[in-house]
$ cat target_5.tsv   # TSV, C-alpha atoms
chain	number	residue	atom	x	y	z
A	3	MET	CA	-11.99	34.72	-12.01
A	4	PHE	CA	-13.43	31.42	-13.15
A	5	SER	CA	-14.84	30.46	-16.57
A	6	LYS	CA	-16.68	27.50	-18.08
A	7	LYS	CA	-15.73	26.23	-21.50
A	8	VAL	CA	-18.46	24.48	-23.47
A	9	LEU	CA	-17.95	22.95	-26.89
A	10	THR	CA	-20.76	23.27	-29.46
A	11	GLY	CA	-22.75	20.04	-29.74
A	12	MET	CA	-20.99	18.48	-26.72
A	13	VAL	CA	-22.80	20.21	-23.86
A	14	ALA	CA	-24.02	16.95	-22.37
A	15	ALA	CA	-20.52	15.50	-22.31
A	16	ILE	CA	-18.61	18.34	-20.69
A	17	MET	CA	-18.70	19.46	-17.09
A	18	ALA	CA	-17.07	22.72	-16.08
A	19	LEU	CA	-14.11	22.86	-13.75
A	20	PRO	CA	-13.40	25.82	-11.46
A	21	LEU	CA	-10.29	26.52	-13.49
A	22	THR	CA	-9.91	28.99	-16.33
A	23	GLY	CA	-9.69	27.33	-19.74
A	24	CYS	CA	-9.89	23.78	-18.42
A	25	GLY	CA	-12.77	21.33	-18.41
A	26	PHE	CA	-13.67	17.70	-17.75
A	27	PHE	CA	-14.78	15.44	-20.58
A	28	ALA	CA	-16.98	12.46	-19.69
A	29	PRO	CA	-16.18	9.75	-22.26
A	30	GLN	CA	-19.23	7.59	-21.48
A	31	GLY	CA	-21.63	10.42	-22.38
A	32	PRO	CA	-25.41	9.84	-22.08
A	33	HIS	CA	-25.36	6.12	-22.98
A	34	ALA	CA	-27.53	3.76	-20.93
A	35	PRO	CA	-25.53	0.96	-19.27
A	36	THR	CA	-26.08	-2.51	-20.66
A	37	GLU	CA	-27.82	-5.09	-18.49
A	38	LEU	CA	-25.58	-7.68	-16.89
A	39	GLN	CA	-25.73	-11.08	-18.56
A	40	GLU	CA	-26.36	-14.40	-16.87
A	41	PHE	CA	-23.27	-16.55	-16.38
A	42	GLU	CA	-22.23	-19.94	-15.10
A	43	PRO	CA	-20.74	-19.45	-11.61
A	44	LEU	CA	-17.49	-21.33	-11.19
A	45	VAL	CA	-16.19	-19.51	-8.11
A	46	LYS	CA	-17.69	-17.47	-5.28
A	47	ALA	CA	-16.91	-13.81	-4.63
A	48	LYS	CA	-16.98	-13.38	-0.86
A	49	VAL	CA	-17.07	-10.11	1.09
A	50	SER	CA	-14.78	-10.98	4.00
A	51	TRP	CA	-15.45	-7.72	5.85
A	52	SER	CA	-17.08	-4.36	5.22
A	53	ARG	CA	-16.89	-0.95	6.91
A	54	ASP	CA	-18.69	2.37	6.31
A	55	VAL	CA	-16.31	5.36	6.19
A	56	GLY	CA	-18.62	8.00	4.69
A	57	GLU	CA	-19.56	9.22	1.23
A	58	ASN	CA	-17.02	10.58	-1.22
A	59	SER	CA	-16.61	11.84	-4.78
A	60	GLY	CA	-15.63	8.40	-5.99
A	61	TYR	CA	-11.92	8.98	-6.51
A	62	LEU	CA	-10.73	8.24	-2.97
A	63	VAL	CA	-8.64	5.09	-2.69
A	64	PRO	CA	-7.95	2.84	0.31
A	65	ALA	CA	-4.28	2.27	1.11
A	66	VAL	CA	-2.90	-1.00	2.48
A	67	THR	CA	0.31	-1.14	4.51
A	68	ASP	CA	2.06	-3.95	6.36
A	69	ASN	CA	-0.23	-3.57	9.36
A	70	ALA	CA	-3.21	-1.38	8.44
A	71	VAL	CA	-5.78	-0.24	5.94
A	72	TYR	CA	-6.27	3.53	5.67
A	73	ALA	CA	-9.41	4.98	4.12
A	74	ALA	CA	-11.08	8.38	4.02
A	75	GLY	CA	-14.64	9.58	3.58
A	76	GLU	CA	-16.43	12.88	4.14
A	77	ASN	CA	-14.20	14.70	6.67
A	78	LYS	CA	-12.58	11.69	8.36
A	79	ILE	CA	-9.61	9.37	7.95
A	80	TYR	CA	-9.83	5.84	9.32
A	81	ARG	CA	-7.24	3.28	10.24
A	82	LEU	CA	-8.76	-0.21	9.96
A	83	ASP	CA	-7.55	-3.65	10.97
A	84	ARG	CA	-6.53	-5.42	7.75
A	85	ASN	CA	-8.00	-8.79	8.74
A	86	THR	CA	-11.30	-7.75	10.33
A	87	GLY	CA	-12.04	-4.22	9.09
A	88	ASP	CA	-12.46	-3.07	12.69
A	89	GLU	CA	-11.72	0.60	13.36
A	90	VAL	CA	-8.39	1.17	15.09
A	91	TRP	CA	-8.77	4.95	15.12
A	92	SER	CA	-10.37	7.77	13.18
A	93	VAL	CA	-9.56	11.46	12.96
A	94	GLU	CA	-11.43	14.47	11.60
A	95	THR	CA	-9.83	16.50	8.83
A	96	GLY	CA	-10.20	20.24	8.31
A	97	ALA	CA	-12.82	19.72	5.58
A	98	ASN	CA	-14.18	16.98	3.33
A	99	VAL	CA	-11.44	14.90	1.74
A	100	THR	CA	-11.15	15.14	-2.07
A	101	ALA	CA	-7.94	13.16	-2.66
A	102	GLY	CA	-6.19	10.34	-0.86
A	103	VAL	CA	-5.16	8.25	0.86
A	104	GLY	CA	-1.43	8.32	0.12
A	105	THR	CA	0.95	6.63	2.55
A	106	ASP	CA	4.44	5.19	2.99
A	107	GLY	CA	3.33	3.13	6.00
A	108	ASN	CA	4.55	5.69	8.53
A	109	TYR	CA	2.81	8.85	7.35
A	110	LEU	CA	-0.39	9.36	5.39
A	111	ALA	CA	-1.61	12.31	3.37
A	112	VAL	CA	-4.94	13.57	2.03
A	113	VAL	CA	-6.14	16.73	0.32
A	114	THR	CA	-9.32	18.53	1.43
A	115	GLU	CA	-11.83	20.67	-0.43
A	116	LEU	CA	-10.15	23.73	1.13
A	117	GLY	CA	-7.18	23.07	-1.15
A	118	GLU	CA	-4.93	21.94	1.68
A	119	VAL	CA	-2.76	18.84	1.99
A	120	GLU	CA	-2.90	17.34	5.49
A	121	VAL	CA	-0.27	14.86	6.71
A	122	TYR	CA	-0.74	12.54	9.70
A	123	ASP	CA	1.44	9.99	11.43
A	124	ALA	CA	0.45	6.34	11.75
A	125	GLU	CA	-1.37	7.02	15.00
A	126	GLY	CA	-3.58	9.73	13.56
A	127	SER	CA	-1.81	12.82	14.90
A	128	LEU	CA	-1.63	15.79	12.52
A	129	ALA	CA	2.00	16.36	11.53
A	130	TRP	CA	1.44	19.41	9.30
A	131	LYS	CA	-0.74	20.89	6.59
A	132	ALA	CA	-0.05	23.23	3.71
A	133	ARG	CA	-2.02	25.30	1.22
A	134	LEU	CA	-1.98	24.16	-2.41
A	135	SER	CA	-2.20	26.22	-5.59
A	136	ALA	CA	-5.42	24.50	-6.72
A	137	GLU	CA	-7.80	21.66	-5.93
A	138	THR	CA	-7.12	18.03	-6.79
A	139	GLN	CA	-8.68	14.57	-6.83
A	140	ILE	CA	-5.32	12.82	-7.30
A	141	ALA	CA	-4.03	11.10	-4.15
A	142	PRO	CA	-0.75	12.48	-2.77
A	143	LEU	CA	2.34	10.32	-3.27
A	144	VAL	CA	4.25	9.72	-0.03
A	145	GLY	CA	7.80	8.37	0.18
A	146	GLN	CA	11.53	9.06	-0.09
A	147	GLY	CA	11.18	11.91	2.38
A	148	LEU	CA	8.53	13.70	0.31
A	149	VAL	CA	4.81	14.30	-0.03
A	150	VAL	CA	4.11	14.96	-3.72
A	151	VAL	CA	0.82	16.53	-4.84
A	152	SER	CA	-0.45	17.01	-8.39
A	153	THR	CA	-3.12	19.71	-8.62
A	154	ALA	CA	-5.71	20.67	-11.24
A	155	ASP	CA	-3.59	23.60	-12.45
A	156	THR	CA	-1.05	20.99	-13.73
A	157	ARG	CA	1.43	21.89	-10.99
A	158	VAL	CA	3.33	19.16	-9.16
A	159	THR	CA	4.50	20.25	-5.72
A	160	ALA	CA	6.78	18.33	-3.36
A	161	PHE	CA	6.86	18.99	0.39
A	162	ASP	CA	9.39	17.77	2.94
A	163	LEU	CA	7.71	14.81	4.65
A	164	ILE	CA	8.78	15.83	8.16
A	165	THR	CA	8.68	19.63	8.14
A	166	GLY	CA	6.05	20.36	5.48
A	167	GLN	CA	8.31	22.90	3.82
A	168	ARG	CA	8.02	23.11	0.04
A	169	ALA	CA	10.96	21.32	-1.57
A	170	TRP	CA	10.22	22.04	-5.25
A	171	HIS	CA	7.49	22.38	-7.84
A	172	TYR	CA	7.07	21.59	-11.51
A	173	GLN	CA	4.61	23.44	-13.74
A	174	GLY	CA	3.06	21.52	-16.63
A	175	GLN	CA	1.02	22.80	-19.55
A	176	THR	CA	-2.68	23.42	-18.99
A	177	ALA	CA	-4.94	21.47	-21.35
A	178	ALA	CA	-8.29	22.66	-22.69
A	179	LEU	CA	-9.92	19.37	-21.68
A	180	THR	CA	-9.10	16.44	-19.45
A	181	VAL	CA	-10.91	13.12	-19.05
A	182	ASP	CA	-13.17	12.79	-16.03
A	183	THR	CA	-11.75	9.55	-14.66
A	184	PHE	CA	-9.46	8.31	-11.91
A	185	LYS	CA	-5.79	9.30	-12.11
A	186	GLN	CA	-2.84	8.64	-9.82
A	187	MET	CA	0.93	9.06	-9.66
A	188	ALA	CA	3.33	6.17	-9.09
A	189	TRP	CA	6.89	5.50	-7.97
A	190	ALA	CA	9.26	3.94	-10.50
A	191	PRO	CA	13.02	3.36	-10.77
A	192	ALA	CA	13.03	6.37	-13.11
A	193	GLY	CA	11.36	8.60	-10.52
A	194	ILE	CA	7.82	9.90	-9.95
A	195	LEU	CA	5.52	8.95	-12.83
A	196	ILE	CA	2.82	11.52	-13.65
A	197	GLY	CA	0.34	11.21	-16.49
A	198	GLN	CA	-0.24	14.39	-18.45
A	199	ALA	CA	-3.29	15.74	-20.30
A	200	ASN	CA	-1.19	16.01	-23.47
A	201	GLY	CA	-0.74	12.25	-23.90
A	202	ARG	CA	2.68	12.13	-22.26
A	203	LEU	CA	4.06	10.31	-19.24
A	204	LEU	CA	6.38	12.49	-17.19
A	205	ALA	CA	9.02	11.17	-14.81
A	206	LEU	CA	10.42	13.57	-12.21
A	207	GLY	CA	13.37	12.81	-9.97
A	208	VAL	CA	13.11	13.31	-6.21
A	209	ASP	CA	14.83	16.65	-6.82
A	210	GLY	CA	12.06	17.76	-9.19
A	211	ARG	CA	14.12	17.54	-12.36
A	212	VAL	CA	12.68	15.91	-15.48
A	213	VAL	CA	14.08	12.40	-15.99
A	214	PHE	CA	12.08	11.63	-19.13
A	215	ASP	CA	8.94	12.68	-20.98
A	216	ALA	CA	7.48	9.72	-22.92
A	217	VAL	CA	4.74	9.81	-25.55
A	218	ILE	CA	1.78	7.54	-24.68
A	219	GLY	CA	-0.59	8.94	-27.30
A	220	GLN	CA	-0.68	11.67	-29.93
A	221	ALA	CA	-3.55	14.01	-30.69
A	222	HIS	CA	-5.43	13.77	-33.99
A	223	GLY	CA	-8.42	15.59	-35.42
A	224	ILE	CA	-9.68	19.16	-35.54
A	225	THR	CA	-11.95	19.85	-32.56
A	226	GLU	CA	-10.74	19.93	-28.98
A	227	VAL	CA	-12.71	16.77	-28.20
A	228	GLU	CA	-11.14	14.95	-31.15
A	229	ARG	CA	-7.69	16.13	-30.08
A	230	LEU	CA	-8.19	15.24	-26.43
A	231	ILE	CA	-5.42	12.82	-25.46
A	232	ASP	CA	-5.11	12.22	-21.72
A	233	VAL	CA	-3.02	9.73	-19.74
A	234	VAL	CA	-5.47	8.06	-17.36
A	235	GLY	CA	-5.43	5.86	-14.28
A	236	ARG	CA	-2.26	4.82	-12.50
A	237	PRO	CA	0.91	3.84	-14.37
A	238	TRP	CA	1.93	0.21	-13.95
A	239	VAL	CA	5.45	-0.51	-12.72
A	240	ASP	CA	7.12	-3.80	-11.86
A	241	GLN	CA	10.66	-5.17	-12.20
A	242	GLN	CA	10.36	-5.60	-15.98
A	243	LEU	CA	7.80	-3.11	-17.29
A	244	MET	CA	6.69	0.48	-16.89
A	245	CYS	CA	3.34	1.01	-18.65
A	246	ALA	CA	0.73	3.73	-19.05
A	247	SER	CA	-2.49	4.17	-21.00
A	248	ALA	CA	-4.20	7.14	-22.61
A	249	TYR	CA	-7.72	8.07	-23.63
A	250	GLN	CA	-7.86	8.20	-27.44
A	251	GLY	CA	-4.33	6.86	-27.36
A	252	GLY	CA	-3.27	3.39	-26.31
A	253	VAL	CA	-1.26	1.29	-23.88
A	254	VAL	CA	2.50	1.75	-24.05
A	255	CYS	CA	4.96	-0.47	-22.17
A	256	MET	CA	8.63	0.37	-21.68
A	257	GLY	CA	11.54	-1.27	-19.91
A	258	ALA	CA	11.31	-0.43	-16.22
A	259	MET	CA	15.03	0.28	-15.91
A	260	ASN	CA	15.90	1.92	-19.24
A	261	GLY	CA	12.61	3.29	-20.59
A	262	ARG	CA	13.07	1.61	-23.96
A	263	PRO	CA	9.82	0.81	-25.83
A	264	VAL	CA	8.71	-2.82	-25.50
A	265	TRP	CA	5.24	-2.75	-27.12
A	266	GLU	CA	2.17	-0.62	-27.63
A	267	ALA	CA	-1.48	-1.34	-28.37
A	268	LYS	CA	-4.12	0.98	-29.76
A	269	VAL	CA	-7.08	1.43	-27.37
A	270	SER	CA	-9.01	4.43	-26.04
A	271	ALA	CA	-8.43	3.67	-22.37
A	272	VAL	CA	-10.23	5.06	-19.32
A	273	THR	CA	-8.25	3.07	-16.73
A	274	GLY	CA	-4.60	2.51	-16.12
A	275	PRO	CA	-3.05	-0.82	-17.16
A	276	VAL	CA	-2.74	-3.69	-14.67
A	277	SER	CA	-0.62	-6.79	-15.16
A	278	ASP	CA	-0.18	-10.28	-13.81
A	279	ALA	CA	2.37	-12.89	-14.85
A	280	GLN	CA	0.81	-13.37	-18.28
A	281	MET	CA	-1.54	-10.54	-19.22
A	282	MET	CA	-1.92	-6.77	-19.17
A	283	TYR	CA	-5.50	-5.56	-18.59
A	284	VAL	CA	-7.17	-2.24	-19.37
A	285	VAL	CA	-10.73	-0.89	-19.78
A	286	ASP	CA	-11.73	1.24	-22.77
A	287	GLU	CA	-14.22	4.12	-23.05
A	288	GLU	CA	-17.14	1.78	-23.81
A	289	GLY	CA	-16.45	-0.38	-20.77
A	290	TYR	CA	-14.85	-3.25	-22.69
A	291	VAL	CA	-12.16	-5.12	-20.74
A	292	HIS	CA	-9.08	-5.89	-22.86
A	293	ALA	CA	-6.35	-8.41	-22.09
A	294	TYR	CA	-2.96	-8.22	-23.83
A	295	ASN	CA	0.00	-10.56	-23.71
A	296	ARG	CA	2.33	-8.71	-21.37
A	297	TYR	CA	5.42	-9.75	-23.30
A	298	ASN	CA	4.45	-8.68	-26.84
A	299	GLY	CA	1.21	-6.68	-26.55
A	300	ARG	CA	-0.92	-9.02	-28.66
A	301	GLU	CA	-4.58	-8.89	-27.69
A	302	ALA	CA	-5.70	-12.16	-26.07
A	303	TRP	CA	-9.39	-11.39	-25.49
A	304	VAL	CA	-12.01	-8.66	-25.05
A	305	ASN	CA	-14.99	-8.85	-22.68
A	306	THR	CA	-17.92	-6.71	-23.92
A	307	ASP	CA	-20.38	-7.58	-21.12
A	308	PHE	CA	-19.93	-4.26	-19.29
A	309	LYS	CA	-20.70	-1.76	-22.06
A	310	TYR	CA	-21.22	1.71	-20.55
A	311	ARG	CA	-21.21	0.30	-17.02
A	312	GLU	CA	-18.21	2.47	-16.13
A	313	VAL	CA	-16.16	-0.41	-14.80
A	314	SER	CA	-13.16	0.22	-12.59
A	315	GLN	CA	-9.54	-0.66	-13.18
A	316	PRO	CA	-9.10	-4.48	-13.19
A	317	ILE	CA	-7.40	-6.18	-10.26
A	318	ARG	CA	-6.40	-9.77	-9.49
A	319	ILE	CA	-8.46	-11.59	-6.87
A	320	GLY	CA	-7.19	-15.11	-6.31
A	321	GLY	CA	-7.16	-16.86	-9.66
A	322	THR	CA	-9.48	-14.31	-11.30
A	323	VAL	CA	-9.47	-10.75	-12.61
A	324	ALA	CA	-12.07	-8.48	-10.99
A	325	VAL	CA	-13.81	-5.31	-12.12
A	326	ALA	CA	-16.49	-3.29	-10.32
A	327	ASP	CA	-19.09	-1.01	-11.89
A	328	LEU	CA	-21.43	1.96	-11.46
A	329	GLU	CA	-23.91	-0.17	-9.47
A	330	GLY	CA	-21.30	-1.64	-7.15
A	331	VAL	CA	-21.34	-5.05	-8.84
A	332	VAL	CA	-17.99	-6.82	-8.57
A	333	SER	CA	-17.48	-9.37	-11.35
A	334	LEU	CA	-14.75	-12.01	-11.36
A	335	LEU	CA	-13.38	-12.95	-14.80
A	336	ASN	CA	-11.42	-15.96	-15.97
A	337	PRO	CA	-8.01	-14.46	-16.94
A	338	SER	CA	-7.61	-17.02	-19.73
A	339	ASN	CA	-10.70	-16.04	-21.74
A	340	GLY	CA	-12.39	-13.09	-20.00
A	341	LEU	CA	-15.61	-14.93	-19.15
A	342	VAL	CA	-17.46	-13.99	-15.94
A	343	VAL	CA	-17.15	-16.78	-13.36
A	344	GLY	CA	-18.28	-15.09	-10.12
A	345	ARG	CA	-20.06	-12.01	-8.82
A	346	THR	CA	-21.00	-10.06	-5.68
A	347	GLU	CA	-22.45	-6.63	-5.01
A	348	LEU	CA	-21.38	-3.67	-2.87
A	349	SER	CA	-23.34	-0.55	-1.88
A	350	GLY	CA	-22.65	2.12	-4.49
A	351	ALA	CA	-20.57	2.78	-7.57
A	352	VAL	CA	-16.87	1.93	-7.60
A	353	ARG	CA	-14.92	4.54	-9.56
A	354	ALA	CA	-11.41	4.15	-8.14
A	355	PRO	CA	-9.08	1.13	-8.26
A	356	ALA	CA	-9.21	-1.41	-5.49
A	357	ALA	CA	-6.16	-1.99	-3.29
A	358	GLN	CA	-4.42	-5.36	-3.42
A	359	PHE	CA	-4.31	-7.23	-0.12
A	360	GLY	CA	-3.18	-10.84	0.03
A	361	TYR	CA	-5.18	-12.93	-2.42
A	362	GLY	CA	-8.04	-10.41	-2.42
A	363	ALA	CA	-8.70	-6.73	-2.93
A	364	ILE	CA	-10.18	-3.86	-0.92
A	365	PHE	CA	-12.78	-1.77	-2.77
A	366	GLN	CA	-14.24	1.61	-1.81
A	367	THR	CA	-17.63	2.82	-3.10
A	368	VAL	CA	-19.00	6.34	-3.47
A	369	GLU	CA	-21.48	5.52	-0.68
A	370	GLY	CA	-18.56	4.94	1.67
A	371	GLU	CA	-18.39	1.17	1.89
A	372	VAL	CA	-14.87	-0.22	2.21
A	373	ALA	CA	-14.98	-3.97	1.58
A	374	TYR	CA	-12.45	-6.77	1.40
A	375	VAL	CA	-13.41	-9.18	-1.40
A	376	LEU	CA	-11.99	-12.67	-1.78
A	377	GLN	CA	-12.44	-15.54	-4.20
A	378	GLU	CA	-13.61	-18.87	-2.82
A	379	SER	CA	-14.67	-22.17	-4.35
A	380	LEU	CA	-18.40	-22.85	-4.62
A	381	GLU	CA	-18.11	-25.59	-2.01
A	382	ASP	CA	-16.79	-23.25	0.71
$ encode --input "target_5.tsv" --output "structure tokens"
Amino acid sequence: MFSKKVLTGMVAAIMALPLTGCGFFAPQGPHAPTELQEFEPLVKAKVSWSRDVGENSGYLVPAVTDNAVYAAGENKIYRLDRNTGDEVWSVETGANVTAGVGTDGNYLAVVTELGEVEVYDAEGSLAWKARLSAETQIAPLVGQGLVVVSTADTRVTAFDLITGQRAWHYQGQTAALTVDTFKQMAWAPAGILIGQANGRLLALGVDGRVVFDAVIGQAHGITEVERLIDVVGRPWVDQQLMCASAYQGGVVCMGAMNGRPVWEAKVSAVTGPVSDAQMMYVVDEEGYVHAYNRYNGREAWVNTDFKYREVSQPIRIGGTVAVADLEGVVSLLNPSNGLVVGRTELSGAVRAPAAQFGYGAIFQTVEGEVAYVLQESLED
């Protein structure tokens, strides 16, 4: 029933998936991570609070709502107080959680290793659960009366948020290889944005119909590894821009309302793009952090300090840009030049994006630490 596909000469870089004809490609390969360099501290990275929620695969993400933080680990979901990290409630799931947490503030959804999506209300009561067609590590998308799940067989399935009945499904094309990195769907004015393992960004309406299918990167080369082109991370959407990035592709930004191309930059990305008022940030396969002018795509700077340290998707913390790495080190960068200006350390690798909260961000490690990190002045 299941098969493992191994490419000659690339055994160390490919891990088999329990899916016929599909495999994960690890872009970092066997490279040793570079040692962190000394720096001049200009700000302080402070862990405001920390909570243990249990170990995970590394692709679980905390979710922040108007009045709570939701996080999952092992076979539990937790609701935490946003300001203190104190546990409000916790609930056991049917099995270990592999994807989540997705929420609209009223309902939250996770996927377990049994291949089931479980939906709970804000007080932790199970609303419904449903069997999926395959496993997934991509958090469900919750909103507009739907729970949308993207599974490893390239199927996107939407369930009615209240009843759990299947509303529609979309079947994509199965790729020979996909990149072993964090991926997530996003809401946009155009619909539900879903990165594809063929270098395209798909937008589906709430009725399941295709709104557009945009090219983020195009395959080149002869071997399957050379031709691997995979949209990674989470698409970026704000009032002006809708952007996505691809491994062995680049960053492409379009108009948020009309989908017209604005700019593109060539980079082999392993994270989704993240923007502030001036810059667009992305991490490449070697762990270099790139900053581009968000209005024209011109590269402003590149930080090479984190080579092969598997740094996470950048996020703004106060007046800095933060990345975390395979050792749980959170580094704060000056957004003007990319230099490290502050640092702290968490327990375990950070593989998934942090969640924005106020002027800080909430990180989750593979060891199960959920921590709220802030920037402070050195005098504080």
$ residues_around --input "target_5.tsv" --residues "Pro64 (chain A)" --least-positions-apart "4" --cutoff "7 Å" --atoms "only C-alpha atoms" --output "list in words"
Val71, Tyr72, Ala73, Val103, Ala357 and Gln366 of chain A
$ residues_around --input "target_5.tsv" --residues "Gln167 (chain A)" --least-positions-apart "3" --cutoff "10 Å" --atoms "only C-alpha atoms" --output "list in words"
Trp130, Lys131, Ala132, Leu148, Ala160, Phe161, Asp162, Leu163, Ile164 and Trp170 of chain A
$ residues_near_point --input "target_5.tsv" --point "(3.4, 0.4, -17.0)" --cutoff "12 Å" --atoms "only C-alpha atoms" --output "JSON, numbers by chain"
{"A": [187, 188, 189, 190, 191, 192, 195, 196, 197, 203, 216, 218, 233, 234, 235, 236, 237, 238, 239, 240, 241, 242, 243, 244, 245, 246, 247, 248, 252, 253, 254, 255, 256, 257, 258, 259, 261, 262, 263, 264, 265, 266, 273, 274, 275, 276, 277, 278, 282, 283, 284, 296]}
$ write_last_selection --input "target_5.tsv" --atoms "C-alpha atoms" --output "tab-separated table (two decimals), in the frame of the given file"
chain	number	residue	atom	x	y	z
A	187	MET	CA	0.93	9.06	-9.66
A	188	ALA	CA	3.33	6.17	-9.09
A	189	TRP	CA	6.89	5.50	-7.97
A	190	ALA	CA	9.26	3.94	-10.50
A	191	PRO	CA	13.02	3.36	-10.77
A	192	ALA	CA	13.03	6.37	-13.11
A	195	LEU	CA	5.52	8.95	-12.83
A	196	ILE	CA	2.82	11.52	-13.65
A	197	GLY	CA	0.34	11.21	-16.49
A	203	LEU	CA	4.06	10.31	-19.24
A	216	ALA	CA	7.48	9.72	-22.92
A	218	ILE	CA	1.78	7.54	-24.68
A	233	VAL	CA	-3.02	9.73	-19.74
A	234	VAL	CA	-5.47	8.06	-17.36
A	235	GLY	CA	-5.43	5.86	-14.28
A	236	ARG	CA	-2.26	4.82	-12.50
A	237	PRO	CA	0.91	3.84	-14.37
A	238	TRP	CA	1.93	0.21	-13.95
A	239	VAL	CA	5.45	-0.51	-12.72
A	240	ASP	CA	7.12	-3.80	-11.86
A	241	GLN	CA	10.66	-5.17	-12.20
A	242	GLN	CA	10.36	-5.60	-15.98
A	243	LEU	CA	7.80	-3.11	-17.29
A	244	MET	CA	6.69	0.48	-16.89
A	245	CYS	CA	3.34	1.01	-18.65
A	246	ALA	CA	0.73	3.73	-19.05
A	247	SER	CA	-2.49	4.17	-21.00
A	248	ALA	CA	-4.20	7.14	-22.61
A	252	GLY	CA	-3.27	3.39	-26.31
A	253	VAL	CA	-1.26	1.29	-23.88
A	254	VAL	CA	2.50	1.75	-24.05
A	255	CYS	CA	4.96	-0.47	-22.17
A	256	MET	CA	8.63	0.37	-21.68
A	257	GLY	CA	11.54	-1.27	-19.91
A	258	ALA	CA	11.31	-0.43	-16.22
A	259	MET	CA	15.03	0.28	-15.91
A	261	GLY	CA	12.61	3.29	-20.59
A	262	ARG	CA	13.07	1.61	-23.96
A	263	PRO	CA	9.82	0.81	-25.83
A	264	VAL	CA	8.71	-2.82	-25.50
A	265	TRP	CA	5.24	-2.75	-27.12
A	266	GLU	CA	2.17	-0.62	-27.63
A	273	THR	CA	-8.25	3.07	-16.73
A	274	GLY	CA	-4.60	2.51	-16.12
A	275	PRO	CA	-3.05	-0.82	-17.16
A	276	VAL	CA	-2.74	-3.69	-14.67
A	277	SER	CA	-0.62	-6.79	-15.16
A	278	ASP	CA	-0.18	-10.28	-13.81
A	282	MET	CA	-1.92	-6.77	-19.17
A	283	TYR	CA	-5.50	-5.56	-18.59
A	284	VAL	CA	-7.17	-2.24	-19.37
A	296	ARG	CA	2.33	-8.71	-21.37
$ closest_residue --input "target_5.tsv" --among "A:Gly299, A:Thr100, A:Thr225, A:Ala47" --to "Ala326 (chain A)" --atoms "only C-alpha atoms"
A:Ala47
$ atom_distance --input "target_5.tsv" --atom1 "CA of Arg229 (chain A)" --atom2 "CA of Val181 (chain A)"
11.9 Å
$ build_atoms --input "target_5.tsv" --residues "region 366-377 of chain A" --atoms "N, CA and C atoms" --output "mmCIF file, in the frame of the given file"
data_model
loop_
_atom_site.group_PDB
_atom_site.id
_atom_site.type_symbol
_atom_site.label_atom_id
_atom_site.label_comp_id
_atom_site.auth_asym_id
_atom_site.auth_seq_id
_atom_site.Cartn_x
_atom_site.Cartn_y
_atom_site.Cartn_z
ATOM 1 N N GLN A 366 -13.546 0.525 -2.478
ATOM 2 C CA GLN A 366 -14.240 1.610 -1.810
ATOM 3 C C GLN A 366 -15.295 2.170 -2.760
ATOM 4 N N THR A 367 -16.534 2.328 -2.273
ATOM 5 C CA THR A 367 -17.630 2.820 -3.100
ATOM 6 C C THR A 367 -17.895 4.297 -2.804
ATOM 7 N N VAL A 368 -18.658 4.935 -3.677
ATOM 8 C CA VAL A 368 -19.000 6.340 -3.470
ATOM 9 C C VAL A 368 -19.899 6.513 -2.251
ATOM 10 N N GLU A 369 -20.616 5.455 -1.870
ATOM 11 C CA GLU A 369 -21.480 5.520 -0.680
ATOM 12 C C GLU A 369 -20.684 5.367 0.608
ATOM 13 N N GLY A 370 -19.410 5.019 0.490
ATOM 14 C CA GLY A 370 -18.560 4.940 1.670
ATOM 15 C C GLY A 370 -18.270 3.553 2.175
ATOM 16 N N GLU A 371 -18.714 2.526 1.461
ATOM 17 C CA GLU A 371 -18.390 1.170 1.890
ATOM 18 C C GLU A 371 -16.970 0.818 1.490
ATOM 19 N N VAL A 372 -16.201 0.342 2.455
ATOM 20 C CA VAL A 372 -14.870 -0.220 2.210
ATOM 21 C C VAL A 372 -14.984 -1.708 2.487
ATOM 22 N N ALA A 373 -14.719 -2.533 1.466
ATOM 23 C CA ALA A 373 -14.980 -3.970 1.580
ATOM 24 C C ALA A 373 -13.808 -4.780 1.064
ATOM 25 N N TYR A 374 -13.512 -5.838 1.787
ATOM 26 C CA TYR A 374 -12.450 -6.770 1.400
ATOM 27 C C TYR A 374 -13.101 -7.959 0.700
ATOM 28 N N VAL A 375 -12.786 -8.139 -0.584
ATOM 29 C CA VAL A 375 -13.410 -9.180 -1.400
ATOM 30 C C VAL A 375 -12.403 -10.275 -1.715
ATOM 31 N N LEU A 376 -12.821 -11.504 -1.515
ATOM 32 C CA LEU A 376 -11.990 -12.670 -1.780
ATOM 33 C C LEU A 376 -12.669 -13.598 -2.752
ATOM 34 N N GLN A 377 -11.894 -14.492 -3.359
ATOM 35 C CA GLN A 377 -12.440 -15.540 -4.200
ATOM 36 C C GLN A 377 -12.420 -16.845 -3.402
#
